[in-house]
2 protein chains.
Amino acid sequence: MIRRSLRAGAPLLQAMEQLKTVGLRPTRQRLALAQLLFERSSRHVTAEQLHGEARGAAVRVSLATVYNTLHQFTSAGLLREVVIDPGRSYFDTNTSDHHHFYDQAHCALSDIPGHAVSLAFLPQAPDGSVVERVEVIVHIRKVPR
Amino acid sequence: MIRRSLRAGAPLLQAMEQLKTVGLRPTRQRLALAQLLFERSSRHVTAEQLHGEARGAAVRVSLATVYNTLHQFTSAGLLREVVIDPGRSYFDTNTSDHHHFYDQAHCALSDIPGHAVSLAFLPQAPDGSVVERVEVIVHIRKVPR
DNA sequence: ATAGTTAATTAGAACCATTCTAATCTATTG
DNA sequence: CAATAGATTAGAATGGTTCTAATTAACTAT
Ligand SMILES: [Mn+2]
Ligand SMILES: [Mn+2]
Ligand SMILES: [Zn+2]
Ligand SMILES: [Zn+2]
């Protein structure tokens with residue numbers, strides 16, 4: 001018990017810190033979801049997936065709260081929403097500048113480091129608007145080896 | 001009446017030609033939708049929008065047929081599906097190599113010619129897969145002038 | 001032209017990810 | 001320890017999309 005708490009202490013404290021700095025109350029549910037999301041690196045999860053993981057880890061949390069939390073984390077800059085699949089949103093724990101490979105047949109997203117793609121634009125943004133973000137999606141397909 | 005038929009003849013024949021070459025029966029509904037889609041250049045429409053236009057043009061067609069037709073046209077290479085908005089698919093009449101500006105606040109899509117964007121890749125596609133298409137989405141935001 | 005065959009259309013139901021509601025609970029503050 | 005603002009929740013509602021199975025229309029062979 002004690003040993004487990006001690007081990008779990010570091011990521012939990014880190015999660016509390018994160019939540020405090022973005023002005024969200026560190027509730028049991030948000031702390032648990034933050035740990036599931038951020039203890040591994042670079043994840044692309046759907047709300048249903050994360051809800052399933054929470055249940056699997058014996059964390060009692062409603063699907064509504066999972067949705068609320070994912071959106072709050074996104075607004076706070078802790079997550080990024082990736083819209084790539086009609087009718088399903090992915091949430092990306094990698095908020096650094098990067099792009100994606102996407103295998104549509106397998107609904108599989110993987111990262112491309114931002115520095116690995118360079119692009120030269122001619123077109124200005126339409127008059128009266130400003131560029132917010134450039135997103136590059138490389139659609140790939142599995143082939144027999 | 002006659003004058004109208006004669007004028008409408010050209011695009012209608014063109015639409016029949018298109019459908020025939022992709023192996024789809026030129027039904028009243030598909031011909032009407034093809035005309036609505038292709039008589040103007042570079043459109044980005046949702047199924048509901050196109051259905052509304054058809055109704056406005058006194059074309060009797062069900063929403064199910066609009067969906068069927070959009071997907072068939074997409075499979076046939078006459079349209080391209082653009083997934084950019086969670087829970088809404090756009091169909092693009094421009095099937096040439098090009099990219100998009102997207103104003104999320106106004107759900108407004110506009111084209112960027114393919115030749116206006118050049119990119120230098122370092123990353124290979126993951127092992128056992130091949131690049132199918134590279135999609136660039138430039139997220140823009142309207143600013144006060 | 002006609003009949004037979006195949007494909008397309010349709011209304012309405014079903015689906016399903018997501019959002020909403022309003023009641024309950026919890027963290028925070030004084 | 002109140003009082004209050006904020007968070008969670010079950011379950012209903014939403015809305016774009018897909019499905020179903022019955023009807024209608026296009027095509028093919030005669
Ligand atoms: Mn969202
Ligand atoms: Mn689709
Ligand atoms: Zn990513
Ligand atoms: Zn386009």
# chains A, B, ... in the order shown; residues from 1 in each chain; ligands from 1

$ interface_residues --of "chain A" --to "chain D" --cutoff "12 Å" --atoms "only C-alpha atoms (C1' of nucleotides)" --output "MDAnalysis selection string"
chainID A and resid 23:30 60:69 86:88

$ residues_near_ligand --ligand "ligand 3" --cutoff "9 Å" --atoms "only C-alpha atoms (C1' of nucleotides) and all ligand atoms" --output "list of chain:residue names"
A:Ser42, A:Arg43, A:His44, A:Arg80, A:Val82, A:Phe91, A:Asp92, A:Thr93, A:Asn94, A:Thr95, A:Ser96, A:Asp97, A:His98, A:His99, A:His100, A:Phe101, A:Leu109, A:Ser110, A:Asp111, A:Ile112, A:Pro113

$ interface_residues --of "chain C" --to "chain A" --cutoff "9 Å" --atoms "only C-alpha atoms (C1' of nucleotides)" --output "list of chain:residue names"
C:DC16, C:DA17, C:DT18, C:DT19, C:DT26, C:DA27

$ interface_residues --of "chain A" --to "chain B" --cutoff "8 Å" --atoms "only C-alpha atoms" --output "mmCIF file with N, CA, C and O atoms, in the first residue's frame"
data_model
loop_
_atom_site.group_PDB
_atom_site.id
_atom_site.type_symbol
_atom_site.label_atom_id
_atom_site.label_comp_id
_atom_site.auth_asym_id
_atom_site.auth_seq_id
_atom_site.Cartn_x
_atom_site.Cartn_y
_atom_site.Cartn_z
ATOM 1 N N VAL A 83 -8.859 15.798 -35.952
ATOM 2 C CA VAL A 83 -10.064 15.404 -36.687
ATOM 3 C C VAL A 83 -9.627 14.816 -38.017
ATOM 4 O O VAL A 83 -9.075 15.513 -38.858
ATOM 5 N N ILE A 84 -9.828 13.527 -38.156
ATOM 6 C CA ILE A 84 -9.237 12.831 -39.290
ATOM 7 C C ILE A 84 -10.151 11.731 -39.759
ATOM 8 O O ILE A 84 -10.049 11.240 -40.865
ATOM 9 N N ASP A 85 -11.063 11.336 -38.901
ATOM 10 C CA ASP A 85 -11.940 10.215 -39.148
ATOM 11 C C ASP A 85 -13.356 10.748 -39.057
ATOM 12 O O ASP A 85 -13.687 11.413 -38.080
ATOM 13 N N PRO A 86 -14.191 10.508 -40.065
ATOM 14 C CA PRO A 86 -15.538 11.060 -39.972
ATOM 15 C C PRO A 86 -16.279 10.431 -38.786
ATOM 16 O O PRO A 86 -16.403 9.223 -38.725
ATOM 17 N N GLY A 87 -16.718 11.258 -37.870
ATOM 18 C CA GLY A 87 -17.502 10.751 -36.754
ATOM 19 C C GLY A 87 -16.720 10.167 -35.610
ATOM 20 O O GLY A 87 -17.231 9.308 -34.884
ATOM 21 N N ARG A 88 -15.462 10.607 -35.425
ATOM 22 C CA ARG A 88 -14.674 10.146 -34.289
ATOM 23 C C ARG A 88 -13.535 11.142 -34.098
ATOM 24 O O ARG A 88 -12.837 11.475 -35.044
ATOM 25 N N SER A 89 -13.381 11.640 -32.882
ATOM 26 C CA SER A 89 -12.298 12.580 -32.614
ATOM 27 C C SER A 89 -11.182 11.896 -31.844
ATOM 28 O O SER A 89 -11.443 11.151 -30.904
ATOM 29 N N PHE A 101 1.062 10.622 -39.785
ATOM 30 C CA PHE A 101 0.730 9.575 -40.744
ATOM 31 C C PHE A 101 -0.645 9.053 -40.354
ATOM 32 O O PHE A 101 -0.950 8.949 -39.155
ATOM 33 N N ILE A 112 4.664 12.467 -36.975
ATOM 34 C CA ILE A 112 5.802 12.916 -37.777
ATOM 35 C C ILE A 112 6.336 14.155 -37.069
ATOM 36 O O ILE A 112 5.586 15.104 -36.887
ATOM 37 N N ALA A 116 10.593 17.450 -39.354
ATOM 38 C CA ALA A 116 10.808 16.527 -40.465
ATOM 39 C C ALA A 116 10.061 16.955 -41.724
ATOM 40 O O ALA A 116 10.206 16.356 -42.774
ATOM 41 N N VAL A 117 9.225 17.965 -41.590
ATOM 42 C CA VAL A 117 8.460 18.451 -42.740
ATOM 43 C C VAL A 117 8.753 19.931 -42.891
ATOM 44 O O VAL A 117 8.621 20.690 -41.940
ATOM 45 N N SER A 118 9.161 20.320 -44.092
ATOM 46 C CA SER A 118 9.308 21.750 -44.321
ATOM 47 C C SER A 118 8.498 22.119 -45.543
ATOM 48 O O SER A 118 8.468 21.374 -46.511
ATOM 49 N N LEU A 119 7.797 23.231 -45.455
ATOM 50 C CA LEU A 119 6.999 23.578 -46.619
ATOM 51 C C LEU A 119 7.174 25.024 -47.012
ATOM 52 O O LEU A 119 7.360 25.893 -46.175
ATOM 53 N N ALA A 120 7.119 25.227 -48.314
ATOM 54 C CA ALA A 120 7.274 26.560 -48.882
ATOM 55 C C ALA A 120 5.933 26.985 -49.450
ATOM 56 O O ALA A 120 5.395 26.342 -50.329
ATOM 57 N N PHE A 121 5.372 28.029 -48.900
ATOM 58 C CA PHE A 121 4.084 28.546 -49.335
ATOM 59 C C PHE A 121 4.218 29.660 -50.295
ATOM 60 O O PHE A 121 4.951 30.600 -50.012
ATOM 61 N N LEU A 122 3.447 29.657 -51.301
ATOM 62 C CA LEU A 122 3.238 30.872 -52.064
ATOM 63 C C LEU A 122 1.962 31.560 -51.573
ATOM 64 O O LEU A 122 1.956 32.758 -51.371
ATOM 65 N N PRO A 123 0.865 30.841 -51.335
ATOM 66 C CA PRO A 123 -0.406 31.535 -51.114
ATOM 67 C C PRO A 123 -0.468 32.224 -49.767
ATOM 68 O O PRO A 123 -0.117 31.644 -48.753
ATOM 69 N N ALA A 125 -2.702 33.779 -46.726
ATOM 70 C CA ALA A 125 -4.030 33.507 -46.184
ATOM 71 C C ALA A 125 -4.997 34.498 -46.824
ATOM 72 O O ALA A 125 -4.599 35.610 -47.181
ATOM 73 N N GLY A 128 -7.846 39.400 -44.696
ATOM 74 C CA GLY A 128 -8.571 39.555 -43.440
ATOM 75 C C GLY A 128 -8.455 38.356 -42.527
ATOM 76 O O GLY A 128 -9.158 38.262 -41.534
ATOM 77 N N SER A 129 -7.570 37.419 -42.878
ATOM 78 C CA SER A 129 -7.394 36.264 -41.996
ATOM 79 C C SER A 129 -5.920 35.980 -41.804
ATOM 80 O O SER A 129 -5.073 36.442 -42.557
ATOM 81 N N VAL A 130 -5.636 35.202 -40.765
ATOM 82 C CA VAL A 130 -4.253 34.957 -40.408
ATOM 83 C C VAL A 130 -4.067 33.446 -40.168
ATOM 84 O O VAL A 130 -5.007 32.771 -39.732
ATOM 85 N N VAL A 131 -2.908 32.939 -40.510
ATOM 86 C CA VAL A 131 -2.644 31.510 -40.361
ATOM 87 C C VAL A 131 -2.462 31.163 -38.886
ATOM 88 O O VAL A 131 -1.715 31.818 -38.176
ATOM 89 N N GLU A 132 -3.166 30.139 -38.474
ATOM 90 C CA GLU A 132 -3.123 29.752 -37.073
ATOM 91 C C GLU A 132 -2.236 28.518 -36.886
ATOM 92 O O GLU A 132 -1.532 28.386 -35.894
ATOM 93 N N ARG A 133 -2.326 27.600 -37.849
ATOM 94 C CA ARG A 133 -1.616 26.332 -37.700
ATOM 95 C C ARG A 133 -1.629 25.633 -39.049
ATOM 96 O O ARG A 133 -2.599 25.722 -39.798
ATOM 97 N N VAL A 134 -0.559 24.960 -39.375
ATOM 98 C CA VAL A 134 -0.505 24.177 -40.610
ATOM 99 C C VAL A 134 -0.440 22.714 -40.232
ATOM 100 O O VAL A 134 0.418 22.294 -39.450
ATOM 101 N N GLU A 135 -1.372 21.962 -40.770
ATOM 102 C CA GLU A 135 -1.503 20.558 -40.411
ATOM 103 C C GLU A 135 -1.201 19.721 -41.656
ATOM 104 O O GLU A 135 -1.789 19.948 -42.708
ATOM 105 N N VAL A 136 -0.286 18.792 -41.521
ATOM 106 C CA VAL A 136 0.047 17.918 -42.645
ATOM 107 C C VAL A 136 -0.342 16.493 -42.284
ATOM 108 O O VAL A 136 0.065 15.977 -41.237
ATOM 109 N N ILE A 137 -1.165 15.893 -43.116
ATOM 110 C CA ILE A 137 -1.592 14.514 -42.901
ATOM 111 C C ILE A 137 -1.114 13.679 -44.080
ATOM 112 O O ILE A 137 -1.493 13.935 -45.226
ATOM 113 N N VAL A 138 -0.261 12.716 -43.775
ATOM 114 C CA VAL A 138 0.247 11.834 -44.826
ATOM 115 C C VAL A 138 -0.559 10.542 -44.767
ATOM 116 O O VAL A 138 -0.418 9.757 -43.834
ATOM 117 N N HIS A 139 -1.422 10.387 -45.751
ATOM 118 C CA HIS A 139 -2.253 9.183 -45.793
ATOM 119 C C HIS A 139 -1.417 8.031 -46.322
ATOM 120 O O HIS A 139 -0.792 8.147 -47.381
ATOM 121 N N ILE A 140 -1.390 6.954 -45.550
ATOM 122 C CA ILE A 140 -0.590 5.804 -45.956
ATOM 123 C C ILE A 140 -1.462 4.563 -46.055
ATOM 124 O O ILE A 140 -2.594 4.536 -45.566
ATOM 125 N N ARG A 141 -0.927 3.568 -46.686
ATOM 126 C CA ARG A 141 -1.661 2.320 -46.881
ATOM 127 C C ARG A 141 -0.675 1.183 -46.683
ATOM 128 O O ARG A 141 0.454 1.221 -47.188
ATOM 129 N N LYS A 142 -1.088 0.170 -45.926
ATOM 130 C CA LYS A 142 -0.243 -1.011 -45.722
ATOM 131 C C LYS A 142 -0.157 -1.786 -47.028
ATOM 132 O O LYS A 142 -1.147 -1.940 -47.727
ATOM 133 N N VAL A 143 1.045 -2.266 -47.306
ATOM 134 C CA VAL A 143 1.216 -3.078 -48.512
ATOM 135 C C VAL A 143 1.844 -4.411 -48.122
ATOM 136 O O VAL A 143 2.580 -4.485 -47.137
ATOM 137 N N PRO A 144 1.543 -5.473 -48.874
ATOM 138 C CA PRO A 144 2.166 -6.777 -48.593
ATOM 139 C C PRO A 144 3.677 -6.672 -48.777
ATOM 140 O O PRO A 144 4.140 -6.053 -49.736
ATOM 141 N N ARG A 145 4.410 -7.277 -47.851
ATOM 142 C CA ARG A 145 5.877 -7.158 -47.897
ATOM 143 C C ARG A 145 6.473 -8.048 -48.974
ATOM 144 O O ARG A 145 6.214 -9.196 -49.036
#

$ atom_distance --atom1 "atom CA of A:Leu70" --atom2 "atom 1 (Mn, counted along the ligand's line) of ligand 1"
8.6 Å

$ select_by_dssp --residues "chain A" --states "alpha helix (DSSP H)" --output "number ranges by chain"
A: 2-22, 28-38, 47-56, 63-75

$ atom_distance --atom1 "atom CA of A:His106" --atom2 "atom CA of A:Ser75"
28.3 Å

$ closest_residue --among "A:Ala108, A:Gln35, A:Leu78, A:Phe73" --to "ligand 1" --atoms "only C-alpha atoms and all ligand atoms"
A:Phe73

$ closest_residue --among "B:Val45, B:Ala105, B:His71, B:Ala76" --to "ligand 2" --atoms "only C-alpha atoms and all ligand atoms"
B:His71

$ select_by_dssp --residues "stretch 42-96 of chain B" --states "strand (DSSP E)" --output "list of chain:residue names"
B:His44, B:Val45, B:Arg80, B:Glu81, B:Val82, B:Val83, B:Ile84, B:Asp85, B:Arg88, B:Ser89, B:Tyr90, B:Phe91, B:Asp92

$ atom_distance --atom1 "atom C1' of C:DT21" --atom2 "atom CA of A:Val59"
24.3 Å

$ decode --residues "stretch 83-114 of chain A" --atoms "N, CA, C and O atoms" --output "mmCIF file, in the first residue's frame"
data_model
loop_
_atom_site.group_PDB
_atom_site.id
_atom_site.type_symbol
_atom_site.label_atom_id
_atom_site.label_comp_id
_atom_site.auth_asym_id
_atom_site.auth_seq_id
_atom_site.Cartn_x
_atom_site.Cartn_y
_atom_site.Cartn_z
ATOM 1 N N VAL A 83 -8.859 15.798 -35.952
ATOM 2 C CA VAL A 83 -10.064 15.404 -36.687
ATOM 3 C C VAL A 83 -9.627 14.816 -38.017
ATOM 4 O O VAL A 83 -9.075 15.513 -38.858
ATOM 5 N N ILE A 84 -9.828 13.527 -38.156
ATOM 6 C CA ILE A 84 -9.237 12.831 -39.290
ATOM 7 C C ILE A 84 -10.151 11.731 -39.759
ATOM 8 O O ILE A 84 -10.049 11.240 -40.865
ATOM 9 N N ASP A 85 -11.063 11.336 -38.901
ATOM 10 C CA ASP A 85 -11.940 10.215 -39.148
ATOM 11 C C ASP A 85 -13.356 10.748 -39.057
ATOM 12 O O ASP A 85 -13.687 11.413 -38.080
ATOM 13 N N PRO A 86 -14.191 10.508 -40.065
ATOM 14 C CA PRO A 86 -15.538 11.060 -39.972
ATOM 15 C C PRO A 86 -16.279 10.431 -38.786
ATOM 16 O O PRO A 86 -16.403 9.223 -38.725
ATOM 17 N N GLY A 87 -16.718 11.258 -37.870
ATOM 18 C CA GLY A 87 -17.502 10.751 -36.754
ATOM 19 C C GLY A 87 -16.720 10.167 -35.610
ATOM 20 O O GLY A 87 -17.231 9.308 -34.884
ATOM 21 N N ARG A 88 -15.462 10.607 -35.425
ATOM 22 C CA ARG A 88 -14.674 10.146 -34.289
ATOM 23 C C ARG A 88 -13.535 11.142 -34.098
ATOM 24 O O ARG A 88 -12.837 11.475 -35.044
ATOM 25 N N SER A 89 -13.381 11.640 -32.882
ATOM 26 C CA SER A 89 -12.298 12.580 -32.614
ATOM 27 C C SER A 89 -11.182 11.896 -31.844
ATOM 28 O O SER A 89 -11.443 11.151 -30.904
ATOM 29 N N TYR A 90 -9.958 12.174 -32.232
ATOM 30 C CA TYR A 90 -8.800 11.692 -31.494
ATOM 31 C C TYR A 90 -8.235 12.835 -30.674
ATOM 32 O O TYR A 90 -8.223 13.983 -31.115
ATOM 33 N N PHE A 91 -7.729 12.501 -29.490
ATOM 34 C CA PHE A 91 -7.052 13.483 -28.659
ATOM 35 C C PHE A 91 -5.602 13.054 -28.540
ATOM 36 O O PHE A 91 -5.303 11.886 -28.258
ATOM 37 N N ASP A 92 -4.734 14.019 -28.778
ATOM 38 C CA ASP A 92 -3.306 13.765 -28.949
ATOM 39 C C ASP A 92 -2.560 14.337 -27.755
ATOM 40 O O ASP A 92 -2.686 15.514 -27.438
ATOM 41 N N THR A 93 -1.800 13.479 -27.071
ATOM 42 C CA THR A 93 -1.049 13.968 -25.905
ATOM 43 C C THR A 93 0.210 14.712 -26.323
ATOM 44 O O THR A 93 0.872 15.320 -25.486
ATOM 45 N N ASN A 94 0.529 14.647 -27.595
ATOM 46 C CA ASN A 94 1.691 15.375 -28.093
ATOM 47 C C ASN A 94 1.223 16.742 -28.588
ATOM 48 O O ASN A 94 0.595 16.847 -29.635
ATOM 49 N N THR A 95 1.529 17.775 -27.815
ATOM 50 C CA THR A 95 1.064 19.115 -28.199
ATOM 51 C C THR A 95 2.159 19.926 -28.883
ATOM 52 O O THR A 95 1.958 21.087 -29.210
ATOM 53 N N SER A 96 3.309 19.274 -29.077
ATOM 54 C CA SER A 96 4.370 19.999 -29.768
ATOM 55 C C SER A 96 4.059 20.040 -31.265
ATOM 56 O O SER A 96 3.171 19.347 -31.757
ATOM 57 N N ASP A 97 4.780 20.875 -31.965
ATOM 58 C CA ASP A 97 4.597 21.043 -33.401
ATOM 59 C C ASP A 97 4.932 19.735 -34.115
ATOM 60 O O ASP A 97 6.092 19.332 -34.149
ATOM 61 N N HIS A 98 3.923 19.073 -34.633
ATOM 62 C CA HIS A 98 4.184 17.830 -35.356
ATOM 63 C C HIS A 98 3.020 17.504 -36.286
ATOM 64 O O HIS A 98 1.980 18.150 -36.254
ATOM 65 N N HIS A 99 3.233 16.504 -37.124
ATOM 66 C CA HIS A 99 2.215 16.120 -38.106
ATOM 67 C C HIS A 99 1.916 14.633 -37.969
ATOM 68 O O HIS A 99 2.408 13.990 -37.046
ATOM 69 N N HIS A 100 1.108 14.110 -38.907
ATOM 70 C CA HIS A 100 0.659 12.721 -38.734
ATOM 71 C C HIS A 100 0.685 11.865 -39.998
ATOM 72 O O HIS A 100 0.381 12.359 -41.081
ATOM 73 N N PHE A 101 1.062 10.622 -39.785
ATOM 74 C CA PHE A 101 0.730 9.575 -40.744
ATOM 75 C C PHE A 101 -0.645 9.053 -40.354
ATOM 76 O O PHE A 101 -0.950 8.949 -39.155
ATOM 77 N N TYR A 102 -1.442 8.712 -41.342
ATOM 78 C CA TYR A 102 -2.749 8.143 -41.036
ATOM 79 C C TYR A 102 -3.044 6.979 -41.967
ATOM 80 O O TYR A 102 -3.054 7.133 -43.190
ATOM 81 N N ASP A 103 -3.271 5.835 -41.357
ATOM 82 C CA ASP A 103 -3.661 4.645 -42.110
ATOM 83 C C ASP A 103 -5.171 4.483 -41.948
ATOM 84 O O ASP A 103 -5.646 4.003 -40.926
ATOM 85 N N GLN A 104 -5.879 4.910 -42.960
ATOM 86 C CA GLN A 104 -7.340 4.941 -42.886
ATOM 87 C C GLN A 104 -7.940 3.554 -42.678
ATOM 88 O O GLN A 104 -8.874 3.381 -41.895
ATOM 89 N N ALA A 105 -7.372 2.567 -43.365
ATOM 90 C CA ALA A 105 -7.924 1.211 -43.276
ATOM 91 C C ALA A 105 -7.849 0.672 -41.852
ATOM 92 O O ALA A 105 -8.679 -0.135 -41.449
ATOM 93 N N HIS A 106 -6.849 1.120 -41.103
ATOM 94 C CA HIS A 106 -6.681 0.608 -39.739
ATOM 95 C C HIS A 106 -6.921 1.679 -38.681
ATOM 96 O O HIS A 106 -6.657 1.445 -37.500
ATOM 97 N N CYS A 107 -7.410 2.873 -39.096
ATOM 98 C CA CYS A 107 -7.635 3.974 -38.154
ATOM 99 C C CYS A 107 -6.411 4.191 -37.267
ATOM 100 O O CYS A 107 -6.553 4.407 -36.059
ATOM 101 N N ALA A 108 -5.221 4.109 -37.864
ATOM 102 C CA ALA A 108 -3.991 4.214 -37.066
ATOM 103 C C ALA A 108 -3.271 5.529 -37.345
ATOM 104 O O ALA A 108 -2.921 5.834 -38.479
ATOM 105 N N LEU A 109 -3.084 6.284 -36.272
ATOM 106 C CA LEU A 109 -2.393 7.575 -36.321
ATOM 107 C C LEU A 109 -0.982 7.412 -35.774
ATOM 108 O O LEU A 109 -0.792 6.786 -34.744
ATOM 109 N N SER A 110 0.000 8.004 -36.443
ATOM 110 C CA SER A 110 1.327 8.061 -35.834
ATOM 111 C C SER A 110 1.985 9.396 -36.150
ATOM 112 O O SER A 110 1.629 10.064 -37.124
ATOM 113 N N ASP A 111 2.926 9.772 -35.318
ATOM 114 C CA ASP A 111 3.481 11.120 -35.394
ATOM 115 C C ASP A 111 4.586 11.274 -36.430
ATOM 116 O O ASP A 111 5.336 10.337 -36.702
ATOM 117 N N ILE A 112 4.664 12.467 -36.975
ATOM 118 C CA ILE A 112 5.802 12.916 -37.777
ATOM 119 C C ILE A 112 6.336 14.155 -37.069
ATOM 120 O O ILE A 112 5.586 15.104 -36.887
ATOM 121 N N PRO A 113 7.587 14.141 -36.658
ATOM 122 C CA PRO A 113 8.127 15.328 -35.972
ATOM 123 C C PRO A 113 7.983 16.567 -36.847
ATOM 124 O O PRO A 113 8.101 16.485 -38.083
ATOM 125 N N GLY A 114 7.696 17.694 -36.213
ATOM 126 C CA GLY A 114 7.488 18.928 -36.967
ATOM 127 C C GLY A 114 8.667 19.290 -37.839
ATOM 128 O O GLY A 114 8.506 19.700 -38.997
#
